[in-house]
Amino acid sequence: MSDTVKLKINGKDYEAPKGKLLIEVCLENDIHVPNFCYYPDLTPQAACRMCLVRIDKMHKLATSCTIEVGEGMNVTTESEELHDARKGMLDFILGNHPLDCPVCDKGGQCELQDMVFEHGTVYAHYNVKKNNTPEWRLSPFIAYDPQRCVRCYRCIRECTEVMDVNALGKIFRGTHEVIGPYGLGMDKEGMDKGYSLDCEQCGNCVEICPVGALLSVDSRFRSRPWDMKETVTTCTHCGDGCQMRLGTRGNNYVRVASKDMTGVNGEFLCVKGRYGCSFISNPERLTKPMIRRNGQLEEVSWEEALKFTAEKLKEISASSKDAVAVLGSPRLTNEANFTLRRFAEKGIGTRSFGQVADADWHQFFAHLTAPIATHQEVKKAKNILMIGGDATENHPLSGMVIRYAVRKHNARLMVVNSRRTKIARRQAKQFLHIRPNSEAAIVASLFESETELPRLAELAKVKVEQLQKLREQVFNSEELLIVVGPEVRGATLAALAQLAEVLNKQKERPIKYLPLATYNNTMGAIDMGLAPNGHSLMRAFGSQIQALYLAGSNPVEQYGTDWQIALKKLKFLAVADMFLTETAQMADVVFPVNSFAEQDGTFTNNTTQVQRVQRAIEGEGQVRPDWMVINALAREMRVDIGAKGSSVSIFRDIAAEIADYKGITYERIKKESAIKTTKILTKAREVVELCEDLRSECSRIDTSIDLNRTNVAQGEGLFRIGTMMRKSPVMHDAFVKDEEVQAATVNA
Ligand code: SF4
Ligand code: SF4
Ligand code: SF4
Ligand code: FES
């Protein structure tokens with residue numbers, strides 16, 4: 001039987017996959033069908049009836065968003081009858097609509113406005129008093145104006161199906177129906193009880209609301225769509241690398257929206273990407289270089305700061321080049337980290353360089369035996385083995401695409417984790433809840449003989465039958481995606497990177513990996529040659545290392561007193577940052593640098609795709625991009641580092657020097673949006689050798705530690721506040737303000 005059907009639409013012949021929705025066939029073939037409640041990948045709702053079409057032999061008009069294409073169907077999408085029917089539906093919708101377009105944030109980008117415009121004058125036939133309902137502030141991030149709502153229920157389905165949060169539902173009935181926090185019940189007073197939306201605050205319901213009913217609080221009344229410049233760029237928070245449109249007005253941040261359906265993230269963003277970027281316009285941003293004088297940091301000119309730093313670095317490197325350390329960051333662009341490495345190697349000649357980071361991804365790539373999957377490929381996965389990581393909290397896009405594979409394709413998800421993560425509780429078909437830091441035992445169980453399983457089960461505190469089942473599922477899988485969390489380290493990580501080829505020696509099948517790298521440019525920083533060795537270098541501060549140039553990291557805030565004590569031992573500390581962070585406050589020199597929104601460059605995400613960072617605004621004051629500061633410093637030190645005067649020419653050097661980036665250019669990225677680097681795959685070592693390494697890892701498992709039985713709470717990672725979050729006003733007010741007030745009260 002054929003998998004396609006033949007049908008006629010508006011007199012023209014088409015062929016379409018059997019079972020596909022008629023509206024999708026129309027839209028994919030550029031046949032316009034108006035719609036509100038239809039949304040790609042959400043279950044059909046048939047709530048708005050705007051998508052009506054005429055199908056021969058059906059006695060009534062049909063909703064094309066619920067009808068599957070059939071053999072021989074004859075469809076009409078444009079006629080006077082259909083136009084009148086759709087206009088009638090608009091009449092219903094406008095019956096209670098406030099028509100306050102001039103003050104609505106969505107005005108100019110509103111699907112209802114477009115629809116009314118398309119259908120010509122719609123006369124209000126309902127001469128009844130409008131049901132005036134006040135706006136409702138659902139959370140610090142989201143407001144809801146019930147009167148503008150067209151009851152398409154996209155928001156509820158987005159929250160339930162895509163986010164798996166189930167925070168929204170319908171409240172009240174008939175003309176009083178509103179959208180609100182699920183479970184609020186029929187209590188009208190509930191609407192006055194203040195914030196009640198207990199959810200991930202991703203704002204994806206706001207993004208897909210066709211009208212101005214759901215609104216982002218942080219950008220309300222700040223600009224009109226046509227008065228705002230939108231720049232497509234890459235998120236600066238986690239390793240997933242979502243594409244976003246950064247809306248600015250003049251030189252100020254207005255809002256973040258997702259790019260469109262064409263980015264790696266489709267229309268998805270998480271709370272950090274959507275609401276955690278307003279730090280770029282924070283008045284506390286550093287605008288001038290500073291030098292410490294008499295114990296205080298004082299603003300100085302660039303010339304003075306560069307001269308002072310150059311002299312200090314020359315003086316300290318004169319005795320030993322390795323006495324000067326240079327640390328880049330998984331937060332900086334590839335262009336900045338590349339220039340930093342050149343400065344360390346060519347300019348200073350030190351071997352003490354790398355980045356402040358706490359993962360072993362360089363080990364992973366050194367042992368990789370199968371390709372990395374893109375997020376789109378993850379969506380199609382059929383068997384997923386996820387060892388470590390909490391995608392929901394720390395890699396929200398990865399979490400979303402894994403959920404998609406389970407929801408749409410019934411993917412078999414096997415989760416191994418020492419925490420009871422949400423994905424383990426809700427999507428996993430098999431969950432091995434292991435003892436903290438015992439991943440090595442589980443990985444070993446996939447290499448060792450069956451007789452070793454009781455020993456390994458005891459180490460990980462799981463049942464032997466669970467290990468047997470895991471082996472069976474993994475060994476017999478027809479295809480496999482291996483998701484690796486950042487807590488998997490050392491020999492365990494290296495062995496996991498080799499698992500694909502070992503499995504393929506038993507039975508050939510498509511296997512791919514998805515590494516959950518923590519930061520926006522963790523992968524790029526490694527590619528640029530910066531090993532994540534900051535912590536080991538830190539242990540030499542005050543002895544072999546006497547000076548440090550630190551860019552884009554705040555280890556004092558992130559890792560606490562160890563770093564604070566170590567930094568105090570240095571003779572000289574230069575910090576390049578956007579804010580006077582806890583670490584910058586300890587520096588002898590501070591350089592003010594551009595945020596991701598004020599410069600051009602690239603980030604490489606956890607699927608090894610290189611994407612553009614594009615300048616949306618000019619930096620205030622005298623800020624400069626990191627690479628420019630380094631170039632100026634090298635010039636001041638009279639050392640030749642092959643400095644380039646623009647990010648595009650630095651990237652040309654990257655593509656020429658780093659094999660994985662060969663052939664990638666800004667022009668290509670502009671066309672293709674995201675380009676995967678070429679990762680060279682290695683051959684797997686002998687299984688006996690891998691088992692030997694894993695045995696030594698297993699010997700370090702502390703069997704006195706019991707299982708962590710608490711569920712990961714919503715927001716544990718998503719709402720974790722670092723410098724950029726704390727400096728983004730809406731995030732600060734939602735998650736930090738109360739703590740500060742409490743601390744002030746305690747200290748008073
Ligand atoms: S913000 Fe996200 S999690 Fe919260 S209700 Fe909207 S879609 Fe659901
Ligand atoms: S709030 Fe927006 S998305 Fe939700 S039902 Fe109303 S119009 Fe639709
Ligand atoms: S998932 Fe990651 S990259 Fe995407 S918006 Fe959130 S923090 Fe940014
Ligand atoms: S789009 Fe079909 S009924 Fe709403």
# chains A, B, ... in the order shown; residues from 1 in each chain; ligands from 1
$ closest_atom_pairs --of "segment 489-552 of chain A" --to "segment 627-634 of chain A" --cutoff "12 Å" --atoms "only C-alpha atoms" --output "CSV"
residue,atom,partner,partner_atom,distance
A:Tyr549,CA,A:Ile630,CA,9.8
A:Leu550,CA,A:Ile630,CA,11.1
A:Ala551,CA,A:Ile630,CA,9.9
A:Gly552,CA,A:Trp627,CA,11.6
$ residues_near_ligand --ligand "ligand 4" --cutoff "6 Å" --atoms "only C-alpha atoms and all ligand atoms" --output "NGL selection string"
:A and (35-38 or 46-51 or 63-65)
$ residues_near_ligand --ligand "ligand 3" --cutoff "10 Å" --atoms "only C-alpha atoms and all ligand atoms" --output "PDB file with N, CA and C atoms, in the first residue's frame"
ATOM      1  N   CYS A 202       9.374  29.925  31.379  1.00  0.00           N
ATOM      2  CA  CYS A 202      10.104  29.960  30.109  1.00  0.00           C
ATOM      3  C   CYS A 202       9.578  31.037  29.155  1.00  0.00           C
ATOM      4  N   THR A 234      23.109  34.518  19.395  1.00  0.00           N
ATOM      5  CA  THR A 234      23.077  33.241  20.110  1.00  0.00           C
ATOM      6  C   THR A 234      23.048  33.499  21.605  1.00  0.00           C
ATOM      7  N   CYS A 235      22.252  32.708  22.301  1.00  0.00           N
ATOM      8  CA  CYS A 235      22.106  32.874  23.755  1.00  0.00           C
ATOM      9  C   CYS A 235      23.452  32.739  24.447  1.00  0.00           C
ATOM     10  N   THR A 236      23.605  33.490  25.527  1.00  0.00           N
ATOM     11  CA  THR A 236      24.898  33.533  26.226  1.00  0.00           C
ATOM     12  C   THR A 236      24.892  32.709  27.511  1.00  0.00           C
ATOM     13  N   HIS A 237      23.880  31.869  27.691  1.00  0.00           N
ATOM     14  CA  HIS A 237      23.810  31.140  28.965  1.00  0.00           C
ATOM     15  C   HIS A 237      24.271  29.684  28.840  1.00  0.00           C
ATOM     16  N   CYS A 238      23.382  28.740  28.509  1.00  0.00           N
ATOM     17  CA  CYS A 238      23.836  27.339  28.573  1.00  0.00           C
ATOM     18  C   CYS A 238      24.421  26.847  27.250  1.00  0.00           C
ATOM     19  N   GLY A 239      24.898  25.599  27.256  1.00  0.00           N
ATOM     20  CA  GLY A 239      25.578  25.041  26.099  1.00  0.00           C
ATOM     21  C   GLY A 239      24.698  24.713  24.914  1.00  0.00           C
ATOM     22  N   ASP A 240      23.372  24.795  25.063  1.00  0.00           N
ATOM     23  CA  ASP A 240      22.500  24.424  23.955  1.00  0.00           C
ATOM     24  C   ASP A 240      22.578  25.397  22.779  1.00  0.00           C
ATOM     25  N   GLY A 241      22.859  26.671  23.083  1.00  0.00           N
ATOM     26  CA  GLY A 241      23.077  27.633  22.000  1.00  0.00           C
ATOM     27  C   GLY A 241      21.840  28.016  21.215  1.00  0.00           C
ATOM     28  N   CYS A 242      20.770  28.374  21.926  1.00  0.00           N
ATOM     29  CA  CYS A 242      19.540  28.777  21.217  1.00  0.00           C
ATOM     30  C   CYS A 242      19.769  30.059  20.423  1.00  0.00           C
ATOM     31  N   GLN A 243      19.100  30.139  19.295  1.00  0.00           N
ATOM     32  CA  GLN A 243      19.099  31.360  18.501  1.00  0.00           C
ATOM     33  C   GLN A 243      18.006  32.273  19.032  1.00  0.00           C
ATOM     34  N   MET A 244      18.284  33.553  19.073  1.00  0.00           N
ATOM     35  CA  MET A 244      17.297  34.495  19.606  1.00  0.00           C
ATOM     36  C   MET A 244      17.327  35.807  18.824  1.00  0.00           C
ATOM     37  N   VAL A 256      13.906  39.769  24.571  1.00  0.00           N
ATOM     38  CA  VAL A 256      14.424  38.650  23.777  1.00  0.00           C
ATOM     39  C   VAL A 256      13.241  37.826  23.300  1.00  0.00           C
ATOM     40  N   ALA A 257      13.249  37.482  22.025  1.00  0.00           N
ATOM     41  CA  ALA A 257      12.244  36.550  21.489  1.00  0.00           C
ATOM     42  C   ALA A 257      13.020  35.481  20.728  1.00  0.00           C
ATOM     43  N   SER A 258      12.387  34.331  20.474  1.00  0.00           N
ATOM     44  CA  SER A 258      13.133  33.307  19.742  1.00  0.00           C
ATOM     45  C   SER A 258      13.210  33.721  18.272  1.00  0.00           C
ATOM     46  N   VAL A 264      18.284  26.440  15.759  1.00  0.00           N
ATOM     47  CA  VAL A 264      18.415  25.085  16.315  1.00  0.00           C
ATOM     48  C   VAL A 264      17.318  24.804  17.329  1.00  0.00           C
ATOM     49  N   ASN A 265      16.746  25.868  17.889  1.00  0.00           N
ATOM     50  CA  ASN A 265      15.752  25.729  18.951  1.00  0.00           C
ATOM     51  C   ASN A 265      14.319  25.916  18.478  1.00  0.00           C
ATOM     52  N   PHE A 268      11.698  27.704  20.734  1.00  0.00           N
ATOM     53  CA  PHE A 268      11.896  27.463  22.158  1.00  0.00           C
ATOM     54  C   PHE A 268      12.958  28.389  22.754  1.00  0.00           C
ATOM     55  N   LEU A 269      12.694  28.885  23.934  1.00  0.00           N
ATOM     56  CA  LEU A 269      13.722  29.531  24.764  1.00  0.00           C
ATOM     57  C   LEU A 269      13.406  29.160  26.213  1.00  0.00           C
ATOM     58  N   CYS A 270      14.394  29.234  27.080  1.00  0.00           N
ATOM     59  CA  CYS A 270      14.097  28.992  28.496  1.00  0.00           C
ATOM     60  C   CYS A 270      14.130  30.322  29.241  1.00  0.00           C
ATOM     61  N   VAL A 271      13.861  30.265  30.532  1.00  0.00           N
ATOM     62  CA  VAL A 271      13.768  31.499  31.323  1.00  0.00           C
ATOM     63  C   VAL A 271      15.074  32.300  31.261  1.00  0.00           C
ATOM     64  N   LYS A 272      16.217  31.601  31.221  1.00  0.00           N
ATOM     65  CA  LYS A 272      17.493  32.332  31.218  1.00  0.00           C
ATOM     66  C   LYS A 272      17.686  33.096  29.915  1.00  0.00           C
ATOM     67  N   GLY A 273      17.423  32.399  28.808  1.00  0.00           N
ATOM     68  CA  GLY A 273      17.603  33.052  27.512  1.00  0.00           C
ATOM     69  C   GLY A 273      16.609  34.187  27.339  1.00  0.00           C
ATOM     70  N   ARG A 274      15.350  33.947  27.718  1.00  0.00           N
ATOM     71  CA  ARG A 274      14.324  34.950  27.438  1.00  0.00           C
ATOM     72  C   ARG A 274      14.380  36.143  28.390  1.00  0.00           C
ATOM     73  N   TYR A 275      14.653  35.845  29.679  1.00  0.00           N
ATOM     74  CA  TYR A 275      14.580  36.937  30.659  1.00  0.00           C
ATOM     75  C   TYR A 275      15.923  37.263  31.326  1.00  0.00           C
ATOM     76  N   GLY A 276      16.964  36.527  30.946  1.00  0.00           N
ATOM     77  CA  GLY A 276      18.250  36.730  31.625  1.00  0.00           C
ATOM     78  C   GLY A 276      19.287  37.456  30.788  1.00  0.00           C
ATOM     79  N   CYS A 277      18.846  38.307  29.858  1.00  0.00           N
ATOM     80  CA  CYS A 277      19.828  39.031  29.031  1.00  0.00           C
ATOM     81  C   CYS A 277      19.788  40.542  29.241  1.00  0.00           C
ATOM     82  N   ALA A 391      18.953  17.663  32.095  1.00  0.00           N
ATOM     83  CA  ALA A 391      18.664  18.513  30.937  1.00  0.00           C
ATOM     84  C   ALA A 391      17.552  19.516  31.249  1.00  0.00           C
ATOM     85  N   THR A 392      16.545  19.113  32.003  1.00  0.00           N
ATOM     86  CA  THR A 392      15.428  20.034  32.271  1.00  0.00           C
ATOM     87  C   THR A 392      15.929  21.304  32.950  1.00  0.00           C
ATOM     88  N   GLU A 393      16.828  21.138  33.902  1.00  0.00           N
ATOM     89  CA  GLU A 393      17.257  22.283  34.704  1.00  0.00           C
ATOM     90  C   GLU A 393      18.453  23.026  34.104  1.00  0.00           C
ATOM     91  N   ASN A 394      19.334  22.289  33.437  1.00  0.00           N
ATOM     92  CA  ASN A 394      20.591  22.926  33.008  1.00  0.00           C
ATOM     93  C   ASN A 394      20.782  23.030  31.502  1.00  0.00           C
ATOM     94  N   HIS A 395      20.045  22.237  30.737  1.00  0.00           N
ATOM     95  CA  HIS A 395      20.131  22.285  29.273  1.00  0.00           C
ATOM     96  C   HIS A 395      18.707  22.197  28.743  1.00  0.00           C
ATOM     97  N   PRO A 396      17.934  23.253  28.963  1.00  0.00           N
ATOM     98  CA  PRO A 396      16.496  23.171  28.680  1.00  0.00           C
ATOM     99  C   PRO A 396      16.144  22.793  27.236  1.00  0.00           C
ATOM    100  N   LEU A 397      16.941  23.240  26.267  1.00  0.00           N
ATOM    101  CA  LEU A 397      16.616  22.849  24.887  1.00  0.00           C
ATOM    102  C   LEU A 397      16.858  21.348  24.705  1.00  0.00           C
ATOM    103  N   SER A 398      17.972  20.844  25.225  1.00  0.00           N
ATOM    104  CA  SER A 398      18.230  19.400  25.136  1.00  0.00           C
ATOM    105  C   SER A 398      17.103  18.646  25.827  1.00  0.00           C
ATOM    106  N   GLY A 399      16.660  19.150  26.969  1.00  0.00           N
ATOM    107  CA  GLY A 399      15.551  18.513  27.690  1.00  0.00           C
ATOM    108  C   GLY A 399      14.310  18.474  26.816  1.00  0.00           C
ATOM    109  N   MET A 400      14.041  19.596  26.144  1.00  0.00           N
ATOM    110  CA  MET A 400      12.832  19.671  25.311  1.00  0.00           C
ATOM    111  C   MET A 400      12.904  18.668  24.152  1.00  0.00           C
ATOM    112  N   THR A 518      28.229  22.561  29.811  1.00  0.00           N
ATOM    113  CA  THR A 518      27.514  23.497  30.684  1.00  0.00           C
ATOM    114  C   THR A 518      27.285  24.889  30.091  1.00  0.00           C
ATOM    115  N   TYR A 519      28.349  25.514  29.574  1.00  0.00           N
ATOM    116  CA  TYR A 519      28.221  26.931  29.218  1.00  0.00           C
ATOM    117  C   TYR A 519      28.050  27.151  27.717  1.00  0.00           C
ATOM    118  N   ASN A 520      27.707  28.395  27.395  1.00  0.00           N
ATOM    119  CA  ASN A 520      27.428  28.772  26.013  1.00  0.00           C
ATOM    120  C   ASN A 520      28.574  28.454  25.057  1.00  0.00           C
ATOM    121  N   ASN A 605      28.176  25.346  20.183  1.00  0.00           N
ATOM    122  CA  ASN A 605      27.285  24.778  21.205  1.00  0.00           C
ATOM    123  C   ASN A 605      27.607  23.322  21.516  1.00  0.00           C
ATOM    124  N   ASN A 606      26.793  22.702  22.382  1.00  0.00           N
ATOM    125  CA  ASN A 606      27.118  21.342  22.836  1.00  0.00           C
ATOM    126  C   ASN A 606      26.958  20.295  21.732  1.00  0.00           C
ATOM    127  N   LEU A 718      17.596  26.057  36.758  1.00  0.00           N
ATOM    128  CA  LEU A 718      17.051  27.133  35.919  1.00  0.00           C
ATOM    129  C   LEU A 718      17.095  28.495  36.602  1.00  0.00           C
TER     130      LEU A 718
END
$ residues_around --residues "Lys57 of chain A" --least-positions-apart "2" --cutoff "12 Å" --atoms "only C-alpha atoms" --output "mmCIF file with N, CA, C and O atoms, in the first residue's frame"
data_model
loop_
_atom_site.group_PDB
_atom_site.id
_atom_site.type_symbol
_atom_site.label_atom_id
_atom_site.label_comp_id
_atom_site.auth_asym_id
_atom_site.auth_seq_id
_atom_site.Cartn_x
_atom_site.Cartn_y
_atom_site.Cartn_z
ATOM 1 N N ARG A 54 -13.744 23.792 2.303
ATOM 2 C CA ARG A 54 -14.839 23.000 1.715
ATOM 3 C C ARG A 54 -14.227 21.738 1.113
ATOM 4 O O ARG A 54 -13.267 21.808 0.349
ATOM 5 N N ILE A 55 -14.705 20.582 1.526
ATOM 6 C CA ILE A 55 -14.226 19.317 0.945
ATOM 7 C C ILE A 55 -15.414 18.652 0.255
ATOM 8 O O ILE A 55 -16.483 18.475 0.878
ATOM 9 N N HIS A 59 -20.911 17.409 3.867
ATOM 10 C CA HIS A 59 -22.052 18.324 3.782
ATOM 11 C C HIS A 59 -21.811 19.643 4.512
ATOM 12 O O HIS A 59 -22.509 20.621 4.298
ATOM 13 N N LYS A 60 -20.792 19.688 5.404
ATOM 14 C CA LYS A 60 -20.513 20.951 6.111
ATOM 15 C C LYS A 60 -19.082 21.388 5.820
ATOM 16 O O LYS A 60 -18.254 20.580 5.420
ATOM 17 N N LEU A 61 -18.811 22.659 6.110
ATOM 18 C CA LEU A 61 -17.412 23.110 6.017
ATOM 19 C C LEU A 61 -16.612 22.353 7.077
ATOM 20 O O LEU A 61 -17.136 22.027 8.138
ATOM 21 N N ALA A 62 -15.338 22.092 6.789
ATOM 22 C CA ALA A 62 -14.538 21.274 7.710
ATOM 23 C C ALA A 62 -13.329 22.053 8.225
ATOM 24 O O ALA A 62 -12.801 22.930 7.529
ATOM 25 N N GLY A 72 -7.965 11.042 -3.166
ATOM 26 C CA GLY A 72 -9.031 11.594 -4.008
ATOM 27 C C GLY A 72 -9.756 12.792 -3.433
ATOM 28 O O GLY A 72 -10.743 13.256 -4.017
ATOM 29 N N MET A 73 -9.303 13.314 -2.313
ATOM 30 C CA MET A 73 -9.968 14.480 -1.700
ATOM 31 C C MET A 73 -9.960 15.667 -2.678
ATOM 32 O O MET A 73 -8.966 15.879 -3.373
ATOM 33 N N ASN A 74 -11.034 16.396 -2.703
ATOM 34 C CA ASN A 74 -11.080 17.604 -3.532
ATOM 35 C C ASN A 74 -11.401 18.776 -2.611
ATOM 36 O O ASN A 74 -12.513 18.870 -2.089
ATOM 37 N N VAL A 75 -10.403 19.647 -2.417
ATOM 38 C CA VAL A 75 -10.497 20.665 -1.366
ATOM 39 C C VAL A 75 -10.534 22.071 -1.959
ATOM 40 O O VAL A 75 -9.810 22.364 -2.907
ATOM 41 N N THR A 76 -11.356 22.921 -1.375
ATOM 42 C CA THR A 76 -11.351 24.342 -1.750
ATOM 43 C C THR A 76 -10.980 25.147 -0.511
ATOM 44 O O THR A 76 -11.571 24.950 0.553
#
$ closest_atom_pairs --of "chain A" --to "ligand 1" --cutoff "6 Å" --atoms "only C-alpha atoms and all ligand atoms" --output "JSON lines"
{"residue": "A:Glu158", "atom": "CA", "partner": "ligand 1", "partner_atom_place_in_ligand_line": "7 (S)", "distance": 5.7}
{"residue": "A:Cys159", "atom": "CA", "partner": "ligand 1", "partner_atom_place_in_ligand_line": "8 (Fe)", "distance": 3.9}
{"residue": "A:Val165", "atom": "CA", "partner": "ligand 1", "partner_atom_place_in_ligand_line": "3 (S)", "distance": 5.5}
{"residue": "A:Ala167", "atom": "CA", "partner": "ligand 1", "partner_atom_place_in_ligand_line": "5 (S)", "distance": 5.0}
{"residue": "A:Leu168", "atom": "CA", "partner": "ligand 1", "partner_atom_place_in_ligand_line": "5 (S)", "distance": 5.5}
{"residue": "A:Cys199", "atom": "CA", "partner": "ligand 1", "partner_atom_place_in_ligand_line": "4 (Fe)", "distance": 4.4}
{"residue": "A:Glu200", "atom": "CA", "partner": "ligand 1", "partner_atom_place_in_ligand_line": "3 (S)", "distance": 4.3}
{"residue": "A:Gln201", "atom": "CA", "partner": "ligand 1", "partner_atom_place_in_ligand_line": "1 (S)", "distance": 3.7}
{"residue": "A:Cys202", "atom": "CA", "partner": "ligand 1", "partner_atom_place_in_ligand_line": "2 (Fe)", "distance": 4.0}
{"residue": "A:Gly203", "atom": "CA", "partner": "ligand 1", "partner_atom_place_in_ligand_line": "1 (S)", "distance": 3.9}
{"residue": "A:Asn204", "atom": "CA", "partner": "ligand 1", "partner_atom_place_in_ligand_line": "7 (S)", "distance": 4.8}
{"residue": "A:Cys205", "atom": "CA", "partner": "ligand 1", "partner_atom_place_in_ligand_line": "7 (S)", "distance": 4.2}
$ write_last_selection --atoms "N, CA, C and O atoms" --output "CSV table (one decimal), in the first residue's frame"
chain,number,residue,atom,x,y,z
A,158,GLU,N,1.1,24.2,24.8
A,158,GLU,CA,2.6,24.4,24.8
A,158,GLU,C,3.1,24.0,26.2
A,158,GLU,O,4.1,23.2,26.3
A,159,CYS,N,2.5,24.4,27.2
A,159,CYS,CA,3.0,24.2,28.6
A,159,CYS,C,2.8,22.7,28.9
A,159,CYS,O,3.7,22.1,29.6
A,165,VAL,N,5.1,20.8,31.9
A,165,VAL,CA,4.9,21.5,33.1
A,165,VAL,C,3.5,21.5,33.6
A,165,VAL,O,3.2,21.5,34.8
A,167,ALA,N,1.2,23.9,33.8
A,167,ALA,CA,1.0,25.0,34.7
A,167,ALA,C,-0.3,25.7,34.3
A,167,ALA,O,-0.9,26.4,35.2
A,168,LEU,N,-0.7,25.6,33.1
A,168,LEU,CA,-1.9,26.4,32.7
A,168,LEU,C,-3.1,25.6,32.4
A,168,LEU,O,-3.0,24.4,32.0
A,199,CYS,N,5.8,27.6,37.8
A,199,CYS,CA,6.3,26.9,36.5
A,199,CYS,C,7.7,27.3,36.3
A,199,CYS,O,8.4,27.9,37.1
A,200,GLU,N,8.2,26.9,35.1
A,200,GLU,CA,9.6,27.2,34.7
A,200,GLU,C,9.8,28.6,34.2
A,200,GLU,O,10.9,29.0,33.9
A,201,GLN,N,8.7,29.3,34.0
A,201,GLN,CA,8.8,30.7,33.6
A,201,GLN,C,9.5,30.9,32.3
A,201,GLN,O,10.3,31.9,32.1
A,202,CYS,N,9.4,29.9,31.4
A,202,CYS,CA,10.1,30.0,30.1
A,202,CYS,C,9.6,31.0,29.2
A,202,CYS,O,10.3,31.5,28.3
A,203,GLY,N,8.3,31.4,29.3
A,203,GLY,CA,7.7,32.4,28.4
A,203,GLY,C,7.4,31.9,27.1
A,203,GLY,O,7.1,32.6,26.2
A,204,ASN,N,7.5,30.6,26.9
A,204,ASN,CA,7.1,30.0,25.5
A,204,ASN,C,5.6,30.2,25.3
A,204,ASN,O,5.2,30.2,24.1
A,205,CYS,N,4.8,30.2,26.3
A,205,CYS,CA,3.4,30.5,26.2
A,205,CYS,C,3.2,31.9,25.6
A,205,CYS,O,2.3,32.1,24.8
$ closest_atom_pairs --of "chain A" --to "ligand 2" --cutoff "7 Å" --atoms "only C-alpha atoms and all ligand atoms" --output "CSV"
residue,atom,partner,partner_atom_place_in_ligand_line,distance
A:Tyr144,CA,ligand 2,1 (S),6.9
A:Arg148,CA,ligand 2,7 (S),6.9
A:Cys149,CA,ligand 2,6 (Fe),3.7
A:Val150,CA,ligand 2,7 (S),4.3
A:Arg151,CA,ligand 2,5 (S),3.8
A:Cys152,CA,ligand 2,8 (Fe),3.9
A:Tyr153,CA,ligand 2,5 (S),3.8
A:Arg154,CA,ligand 2,3 (S),4.5
A:Cys155,CA,ligand 2,3 (S),4.2
A:Ile156,CA,ligand 2,4 (Fe),6.5
A:Ile179,CA,ligand 2,1 (S),6.1
A:Cys205,CA,ligand 2,3 (S),6.4
A:Ile208,CA,ligand 2,3 (S),6.2
A:Cys209,CA,ligand 2,3 (S),3.6
A:Pro210,CA,ligand 2,7 (S),5.8
A:Val211,CA,ligand 2,7 (S),5.6
A:Ala213,CA,ligand 2,1 (S),4.9
A:Leu214,CA,ligand 2,1 (S),5.1
$ select_by_dssp --residues "segment 111-309 of chain A" --states "helix (DSSP H, G or I)" --output "JSON, numbers by chain"
{"A": [111, 112, 113, 114, 115, 116, 117, 118, 119, 146, 147, 148, 154, 155, 156, 157, 158, 159, 160, 161, 162, 174, 175, 176, 188, 189, 190, 191, 192, 204, 205, 206, 207, 208, 217, 218, 219, 225, 226, 227, 271, 272, 273, 274, 275, 278, 279, 280, 281, 302, 303, 304, 305, 306, 307, 308, 309]}
$ residues_around --residues "segment 524-528 of chain A" --least-positions-apart "4" --cutoff "7 Å" --atoms "only C-alpha atoms" --output "PyMOL selection string"
chain A and resi 329-330+334+337-338+362+603-604
$ write_last_selection --atoms "N, CA, C and O atoms" --output "mmCIF file, in the first residue's frame"
data_model
loop_
_atom_site.group_PDB
_atom_site.id
_atom_site.type_symbol
_atom_site.label_atom_id
_atom_site.label_comp_id
_atom_site.auth_asym_id
_atom_site.auth_seq_id
_atom_site.Cartn_x
_atom_site.Cartn_y
_atom_site.Cartn_z
ATOM 1 N N SER A 329 37.711 31.610 29.091
ATOM 2 C CA SER A 329 36.459 31.236 29.731
ATOM 3 C C SER A 329 35.500 30.575 28.741
ATOM 4 O O SER A 329 35.458 30.950 27.565
ATOM 5 N N PRO A 330 34.695 29.615 29.234
ATOM 6 C CA PRO A 330 33.677 29.015 28.372
ATOM 7 C C PRO A 330 32.527 29.977 28.074
ATOM 8 O O PRO A 330 31.561 29.613 27.420
ATOM 9 N N ASN A 334 34.646 32.478 20.560
ATOM 10 C CA ASN A 334 35.806 31.754 20.024
ATOM 11 C C ASN A 334 36.926 32.729 19.689
ATOM 12 O O ASN A 334 38.103 32.456 19.916
ATOM 13 N N ASN A 337 38.773 33.721 22.930
ATOM 14 C CA ASN A 337 39.593 32.638 23.495
ATOM 15 C C ASN A 337 40.783 32.299 22.594
ATOM 16 O O ASN A 337 41.861 31.995 23.074
ATOM 17 N N PHE A 338 40.563 32.378 21.284
ATOM 18 C CA PHE A 338 41.654 32.113 20.329
ATOM 19 C C PHE A 338 42.763 33.151 20.513
ATOM 20 O O PHE A 338 43.952 32.829 20.579
ATOM 21 N N HIS A 362 37.408 17.741 26.963
ATOM 22 C CA HIS A 362 38.562 17.500 26.079
ATOM 23 C C HIS A 362 38.889 16.005 26.064
ATOM 24 O O HIS A 362 39.269 15.452 25.044
ATOM 25 N N PHE A 603 29.955 31.372 18.876
ATOM 26 C CA PHE A 603 29.956 30.399 19.971
ATOM 27 C C PHE A 603 29.796 29.025 19.324
ATOM 28 O O PHE A 603 29.155 28.899 18.277
ATOM 29 N N THR A 604 30.320 28.000 19.986
ATOM 30 C CA THR A 604 30.138 26.629 19.506
ATOM 31 C C THR A 604 29.328 25.874 20.563
ATOM 32 O O THR A 604 29.760 25.791 21.717
#
